[in-house]
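Okay, start19.cif now, which holds mmCIF, C-alpha atoms:
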```cif
data_run
loop_
_atom_site.group_PDB
_atom_site.id
_atom_site.type_symbol
_atom_site.label_atom_id
_atom_site.label_comp_id
_atom_site.auth_asym_id
_atom_site.auth_seq_id
_atom_site.Cartn_x
_atom_site.Cartn_y
_atom_site.Cartn_z
ATOM 1 C CA MET A 1 22.090 -2.349 -22.393
ATOM 2 C CA THR A 2 19.593 -2.806 -25.227
ATOM 3 C CA LEU A 3 17.955 0.108 -27.017
ATOM 4 C CA ARG A 4 14.520 -0.932 -25.719
ATOM 5 C CA PHE A 5 15.746 -0.953 -22.108
ATOM 6 C CA ALA A 6 17.483 2.435 -22.573
ATOM 7 C CA LEU A 7 14.252 3.944 -23.894
ATOM 8 C CA ALA A 8 12.348 2.495 -20.921
ATOM 9 C CA LEU A 9 14.788 4.138 -18.525
ATOM 10 C CA ALA A 10 14.478 7.455 -20.336
ATOM 11 C CA LEU A 11 10.690 7.379 -20.107
ATOM 12 C CA LEU A 12 10.842 6.465 -16.428
ATOM 13 C CA ALA A 13 13.273 9.311 -15.764
ATOM 14 C CA ALA A 14 10.919 11.793 -17.432
ATOM 15 C CA TRP A 15 8.007 10.503 -15.329
ATOM 16 C CA LEU A 16 9.636 10.244 -11.931
ATOM 17 C CA GLY A 17 12.395 12.787 -12.343
ATOM 18 C CA ALA A 18 16.081 12.042 -12.534
ATOM 19 C CA SER A 19 16.577 12.144 -8.764
ATOM 20 C CA GLY A 20 13.978 9.400 -8.190
ATOM 21 C CA VAL A 21 15.617 7.080 -10.707
ATOM 22 C CA SER A 22 19.091 7.705 -9.296
ATOM 23 C CA ARG A 23 17.816 6.736 -5.857
ATOM 24 C CA ALA A 24 16.259 3.582 -7.264
ATOM 25 C CA PHE A 25 19.544 2.377 -8.758
ATOM 26 C CA GLY A 26 22.277 4.111 -6.827
ATOM 27 C CA GLN A 27 21.189 4.270 -3.206
ATOM 28 C CA ALA A 28 22.884 1.000 -2.250
ATOM 29 C CA ALA A 29 26.203 2.373 -3.502
ATOM 30 C CA GLU A 30 25.767 5.762 -1.808
ATOM 31 C CA ARG A 31 25.211 4.468 1.721
ATOM 32 C CA PRO A 32 24.655 1.142 3.449
ATOM 33 C CA VAL A 33 20.981 0.383 3.966
ATOM 34 C CA ALA A 34 19.869 -1.706 6.930
ATOM 35 C CA PRO A 35 17.358 -4.390 5.952
ATOM 36 C CA ALA A 36 13.778 -3.336 6.624
ATOM 37 C CA ALA A 37 11.939 -6.235 8.196
ATOM 38 C CA VAL A 38 8.207 -6.782 7.961
ATOM 39 C CA GLU A 39 7.603 -8.205 11.422
ATOM 40 C CA THR A 40 4.610 -9.488 13.323
ATOM 41 C CA ALA A 41 3.610 -7.156 16.163
ATOM 42 C CA SER A 42 1.889 -9.907 18.135
ATOM 43 C CA GLU A 43 1.594 -13.677 18.125
ATOM 44 C CA PRO A 44 -0.622 -14.806 15.224
ATOM 45 C CA ARG A 45 -3.403 -17.251 15.966
ATOM 46 C CA LEU A 46 -6.250 -19.177 14.374
ATOM 47 C CA GLU A 47 -9.690 -18.353 15.760
ATOM 48 C CA PRO A 48 -12.729 -20.663 15.383
ATOM 49 C CA LEU A 49 -15.528 -19.358 13.194
ATOM 50 C CA PRO A 50 -19.256 -19.823 13.767
ATOM 51 C CA GLY A 51 -20.359 -22.860 11.818
ATOM 52 C CA GLY A 52 -16.854 -24.325 11.583
ATOM 53 C CA GLY A 53 -13.493 -23.421 10.173
ATOM 54 C CA TYR A 54 -10.798 -21.067 11.408
ATOM 55 C CA ALA A 55 -9.788 -17.484 10.638
ATOM 56 C CA LEU A 56 -6.302 -16.011 10.901
ATOM 57 C CA ALA A 57 -5.683 -13.104 13.276
ATOM 58 C CA ALA A 58 -2.312 -11.342 13.045
ATOM 59 C CA ASP A 59 -0.804 -7.884 13.482
ATOM 60 C CA PHE A 60 2.196 -6.683 11.488
ATOM 61 C CA HIS A 61 4.678 -3.818 11.480
ATOM 62 C CA VAL A 62 4.875 -2.530 7.896
ATOM 63 C CA PRO A 63 7.897 -0.247 7.549
ATOM 64 C CA LEU A 64 8.143 1.764 4.327
ATOM 65 C CA THR A 65 11.655 2.807 3.377
ATOM 66 C CA PRO A 66 12.267 6.348 2.050
ATOM 67 C CA SER A 67 12.578 5.044 -1.516
ATOM 68 C CA LEU A 68 9.212 3.250 -1.325
ATOM 69 C CA VAL A 69 7.484 6.266 0.225
ATOM 70 C CA ASP A 70 8.883 8.463 -2.555
ATOM 71 C CA ALA A 71 7.774 6.036 -5.278
ATOM 72 C CA LEU A 72 4.284 5.808 -3.740
ATOM 73 C CA ALA A 73 3.957 9.607 -3.671
ATOM 74 C CA ARG A 74 4.944 9.721 -7.357
ATOM 75 C CA GLY A 75 2.148 7.350 -8.355
ATOM 76 C CA VAL A 76 3.775 3.909 -8.171
ATOM 77 C CA PRO A 77 1.351 1.466 -6.463
ATOM 78 C CA LEU A 78 2.731 -1.026 -3.944
ATOM 79 C CA TYR A 79 1.447 -4.558 -3.512
ATOM 80 C CA PHE A 80 1.708 -6.427 -0.217
ATOM 81 C CA VAL A 81 1.035 -10.158 0.028
ATOM 82 C CA VAL A 82 -0.018 -12.075 3.143
ATOM 83 C CA GLU A 83 1.004 -15.735 2.905
ATOM 84 C CA PHE A 84 -0.251 -18.509 5.176
ATOM 85 C CA GLU A 85 0.790 -22.169 5.378
ATOM 86 C CA LEU A 86 -0.374 -25.053 7.537
ATOM 87 C CA ARG A 87 1.976 -28.030 7.839
ATOM 88 C CA ARG A 88 1.652 -31.440 9.436
ATOM 89 C CA PRO A 89 4.990 -32.636 10.892
ATOM 90 C CA ARG A 90 6.094 -36.120 9.856
ATOM 91 C CA TRP A 91 9.028 -37.760 11.626
ATOM 92 C CA TRP A 92 9.714 -40.155 8.758
ATOM 93 C CA TRP A 93 9.674 -37.650 5.854
ATOM 94 C CA PHE A 94 9.379 -33.966 4.983
ATOM 95 C CA ASP A 95 6.506 -32.070 6.592
ATOM 96 C CA ALA A 96 3.245 -32.280 4.661
ATOM 97 C CA VAL A 97 1.920 -28.902 3.485
ATOM 98 C CA ASP A 98 -1.836 -29.286 3.897
ATOM 99 C CA ILE A 99 -2.953 -25.696 3.274
ATOM 100 C CA GLU A 100 -1.506 -22.695 1.415
ATOM 101 C CA ARG A 101 -3.323 -19.373 1.231
ATOM 102 C CA SER A 102 -2.404 -15.880 0.030
ATOM 103 C CA MET A 103 -4.076 -12.487 -0.079
ATOM 104 C CA THR A 104 -2.893 -9.324 -1.873
ATOM 105 C CA TRP A 105 -3.310 -5.696 -0.818
ATOM 106 C CA ARG A 106 -2.738 -2.757 -3.192
ATOM 107 C CA VAL A 107 -1.688 0.622 -1.806
ATOM 108 C CA ALA A 108 -1.769 3.629 -4.133
ATOM 109 C CA TYR A 109 -1.713 7.432 -3.872
ATOM 110 C CA HIS A 110 -4.078 9.597 -5.934
ATOM 111 C CA ALA A 111 -2.763 13.107 -6.433
ATOM 112 C CA LEU A 112 -6.134 14.602 -7.464
ATOM 113 C CA THR A 113 -7.890 13.606 -4.227
ATOM 114 C CA ARG A 114 -4.684 13.601 -2.156
ATOM 115 C CA GLN A 115 -5.750 10.301 -0.678
ATOM 116 C CA TYR A 116 -4.205 6.893 -0.252
ATOM 117 C CA ARG A 117 -6.312 3.970 -1.395
ATOM 118 C CA LEU A 118 -6.120 0.475 0.016
ATOM 119 C CA THR A 119 -7.631 -2.178 -2.256
ATOM 120 C CA GLN A 120 -8.285 -5.849 -1.483
ATOM 121 C CA GLY A 121 -10.670 -8.168 -3.275
ATOM 122 C CA GLY A 122 -12.358 -5.322 -5.146
ATOM 123 C CA ILE A 123 -13.040 -3.338 -1.956
ATOM 124 C CA ILE A 124 -11.445 0.151 -1.945
ATOM 125 C CA GLN A 125 -10.844 2.070 1.277
ATOM 126 C CA PRO A 126 -9.667 5.722 1.109
ATOM 127 C CA PHE A 127 -7.346 7.246 3.734
ATOM 128 C CA ASP A 128 -5.946 10.714 4.297
ATOM 129 C CA SER A 129 -2.492 9.451 5.275
ATOM 130 C CA ILE A 130 -0.250 6.500 4.513
ATOM 131 C CA GLU A 131 -0.061 5.763 8.247
ATOM 132 C CA GLU A 132 -3.813 5.169 8.388
ATOM 133 C CA ALA A 133 -3.720 2.901 5.355
ATOM 134 C CA LEU A 134 -0.861 0.845 6.776
ATOM 135 C CA ARG A 135 -2.571 0.466 10.163
ATOM 136 C CA THR A 136 -5.565 -1.093 8.419
ATOM 137 C CA LEU A 137 -3.376 -3.329 6.261
ATOM 138 C CA ALA A 138 -1.311 -4.413 9.258
ATOM 139 C CA ARG A 139 -4.270 -5.547 11.364
ATOM 140 C CA LEU A 140 -5.490 -8.797 9.840
ATOM 141 C CA ARG A 141 -8.755 -10.190 11.183
ATOM 142 C CA GLY A 142 -11.411 -12.624 9.985
ATOM 143 C CA TRP A 143 -9.491 -14.102 7.046
ATOM 144 C CA ARG A 144 -10.813 -17.650 6.666
ATOM 145 C CA VAL A 145 -7.816 -19.869 5.956
ATOM 146 C CA VAL A 146 -8.880 -23.306 7.258
ATOM 147 C CA ASP A 147 -12.094 -25.229 6.660
ATOM 148 C CA GLU A 148 -13.173 -27.716 9.290
ATOM 149 C CA ASP A 149 -12.898 -30.699 6.943
ATOM 150 C CA GLU A 150 -9.302 -29.814 6.001
ATOM 151 C CA VAL A 151 -7.833 -30.651 9.421
ATOM 152 C CA GLU A 152 -8.089 -33.452 11.972
ATOM 153 C CA ALA A 153 -9.159 -32.730 15.532
ATOM 154 C CA GLY A 154 -6.436 -33.293 18.107
ATOM 155 C CA VAL A 155 -3.615 -33.373 15.549
ATOM 156 C CA ASP A 156 -0.721 -30.960 16.107
ATOM 157 C CA TYR A 157 -0.031 -28.679 13.144
ATOM 158 C CA GLU A 158 2.605 -26.056 12.492
ATOM 159 C CA ALA A 159 1.286 -22.827 10.979
ATOM 160 C CA ARG A 160 3.261 -19.900 9.637
ATOM 161 C CA VAL A 161 2.443 -16.500 8.185
ATOM 162 C CA ARG A 162 4.266 -13.545 6.717
ATOM 163 C CA LEU A 163 3.578 -10.200 5.044
ATOM 164 C CA ARG A 164 5.896 -9.144 2.220
ATOM 165 C CA LEU A 165 6.196 -6.567 -0.513
ATOM 166 C CA ASP A 166 5.539 -8.119 -3.918
ATOM 167 C CA THR A 167 8.460 -6.668 -5.877
ATOM 168 C CA SER A 168 7.406 -8.568 -9.018
ATOM 169 C CA GLN A 169 4.589 -6.014 -9.485
ATOM 170 C CA LEU A 170 6.901 -2.993 -9.352
ATOM 171 C CA PRO A 171 7.915 -1.343 -12.661
ATOM 172 C CA LYS A 172 10.807 -3.232 -14.257
ATOM 173 C CA PRO A 173 13.577 -0.703 -13.423
ATOM 174 C CA PHE A 174 12.529 -0.768 -9.753
ATOM 175 C CA GLN A 175 12.645 -4.579 -9.787
ATOM 176 C CA ILE A 176 16.256 -4.393 -10.943
ATOM 177 C CA GLY A 177 17.010 -1.858 -8.215
ATOM 178 C CA GLY A 178 15.491 -4.244 -5.687
ATOM 179 C CA LEU A 179 18.102 -6.836 -6.583
ATOM 180 C CA THR A 180 20.895 -4.598 -5.300
ATOM 181 C CA SER A 181 19.230 -2.578 -2.536
ATOM 182 C CA ARG A 182 17.192 -3.857 0.392
ATOM 183 C CA ASP A 183 15.691 -0.367 0.571
ATOM 184 C CA TRP A 184 13.538 -1.534 -2.348
ATOM 185 C CA ASN A 185 12.914 -5.030 -1.045
ATOM 186 C CA PRO A 186 11.916 -5.174 2.650
ATOM 187 C CA GLN A 187 12.657 -8.579 4.080
ATOM 188 C CA ALA A 188 9.780 -10.656 5.359
ATOM 189 C CA GLU A 189 10.381 -13.388 7.913
ATOM 190 C CA TRP A 190 7.967 -16.250 8.510
ATOM 191 C CA LYS A 191 6.265 -16.224 11.908
ATOM 192 C CA GLN A 192 5.537 -19.761 13.106
ATOM 193 C CA PHE A 193 3.030 -20.954 15.683
ATOM 194 C CA LYS A 194 1.387 -24.177 16.818
ATOM 195 C CA PHE A 195 -2.220 -25.077 16.048
ATOM 196 C CA THR A 196 -4.271 -28.031 17.310
ATOM 197 C CA PRO A 197 -7.880 -28.160 16.042
ATOM 198 C CA SER A 198 -10.440 -28.817 18.733
ATOM 199 C CA THR A 199 -13.064 -31.542 18.520
ATOM 200 C CA PRO A 200 -16.270 -30.193 16.919
ATOM 201 C CA LYS A 201 -19.112 -29.740 19.390
ATOM 202 C CA SER A 202 -21.305 -31.976 17.245
ATOM 203 C CA ALA A 203 -18.876 -34.852 17.912
ATOM 204 C CA GLN A 204 -18.678 -34.326 21.675
#
```
Would you put the structure from the file into structure tokens?
Amino acid sequence: MTLRFALALALLAAWLGASGVSRAFGQAAERPVAPAAVETASEPRLEPLPGGGYALAADFHVPLTPSLVDALARGVPLYFVVEFELRRPRWWWFDAVDIERSMTWRVAYHALTRQYRLTQGGIIQPFDSIEEALRTLARLRGWRVVDEDEVEAGVDYEARVRLRLDTSQLPKPFQIGGLTSRDWNPQAEWKQFKFTPSTPKSAQ
């Protein structure tokens, strides 16, 4: 362990308290932790938008493990990323990835106001409880992911979406803890669904 890393751990211990740091690094050894899955609560779908294009609609379950809830209460912000892909199957080669989109949500607790803040694209929404903030984050509506000229009408596509915790934006010691404990790294599984663009009304 280098001197710089030791000093970083000491500063983190003074900020979070020794018990919080011990949980971050030692919880996997203390007891087995079942993987926390970020799952879709309903079948995702692409909905047509006025004027063309399609928006993603999806609902997620966003479980927060005890370690993440504790870190959030102590002032560590959490970042969740929604990832979307649209693929065109090809029997003669690997599937073609036509579209890739991502969107990041930031969840943070402010001790002075005793509120949780959900931030996305510069828009900040305050909530009195983490449950309220997560309900808003988990219900995705109106996110434009496909433009009309990016897909071909009548062609069958395979779409997939997932919501995951971005552990790369956690403080460095927590990132290391996430390598050994799934309590710090909730698993996110891709949810796949079929999508066939309809013929534009102007072409009918």
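What the PyMOL selection byres ((chain A and resi 158-165) around 7) grabs from this file is Val38, Tyr79, Phe80, Val81, Val82, Glu83, Phe84, Glu85, Leu86, Arg87, Arg88, Asp156, Tyr157, Asp166, Thr167, Asn185, Pro186, Ala188, Glu189, Trp190, Lys191, Gln192, Phe193, Lys194 and Phe195 of chain A.
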* Tell me which protein, DNA and RNA residues are within 10 Å of stretch 196-198 of chain A, counting only C-alpha atoms, leaving out same-chain ones fewer than 4 positions away, and put them as a PyMOL selection string. => chain A and resi 46-48+53-54+148+151-159
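Atom pair atom CA of A:His110 / atom CA of A:Phe127 has a distance of 10.5 Å (rounded to one decimal).
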* **One-decimal distance in Å that lies between atom CA of A:Arg139 and atom CA of A:Asp70** =>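 These two atoms are separated by 23.7 Å.
As for atom CA of A:Arg117 and atom CA of A:Val145, they are spaced 25.0 Å apart.
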* Do you know which residues lie at most 10 Å from (-0.5, -1.1, 17.7), with coordinates as in the file and all atoms listed in the file counted, and could you write them as JSON, numbers by chain? -> {"A": [41, 42, 59, 60, 61, 135, 138, 139]}
For the structure shown, which residues end up in the PyMOL selection byres ((chain A and resi 114) around 10)? Put them as a PDB file with C-alpha atoms, in the frame of the given file, please?
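The result, written out as result02.pdb:
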```pdb
ATOM      1  CA  ALA A  73       3.957   9.607  -3.671  1.00  0.00           C
ATOM      2  CA  TYR A 109      -1.713   7.432  -3.872  1.00  0.00           C
ATOM      3  CA  HIS A 110      -4.078   9.597  -5.934  1.00  0.00           C
ATOM      4  CA  ALA A 111      -2.763  13.107  -6.433  1.00  0.00           C
ATOM      5  CA  LEU A 112      -6.134  14.602  -7.464  1.00  0.00           C
ATOM      6  CA  THR A 113      -7.890  13.606  -4.227  1.00  0.00           C
ATOM      7  CA  GLN A 115      -5.750  10.301  -0.678  1.00  0.00           C
ATOM      8  CA  TYR A 116      -4.205   6.893  -0.252  1.00  0.00           C
ATOM      9  CA  ARG A 117      -6.312   3.970  -1.395  1.00  0.00           C
ATOM     10  CA  PRO A 126      -9.667   5.722   1.109  1.00  0.00           C
ATOM     11  CA  PHE A 127      -7.346   7.246   3.734  1.00  0.00           C
ATOM     12  CA  ASP A 128      -5.946  10.714   4.297  1.00  0.00           C
ATOM     13  CA  SER A 129      -2.492   9.451   5.275  1.00  0.00           C
TER      14      SER A 129
END
```
* Between A:Leu170, A:Arg144, A:Asp149, A:Pro50, which is the closest to A:Glu100 once you count only C-alpha atoms? -> A:Arg144
* To do: Please work out which residues fall within 12 Å of (-9.4, -3.3, -0.8), coordinates as given in the file, with all atoms listed in the file counting, and return them as an NGL selection string.
  => :A and (79-80 or 103-108 or 116-127 or 133 or 136-137)
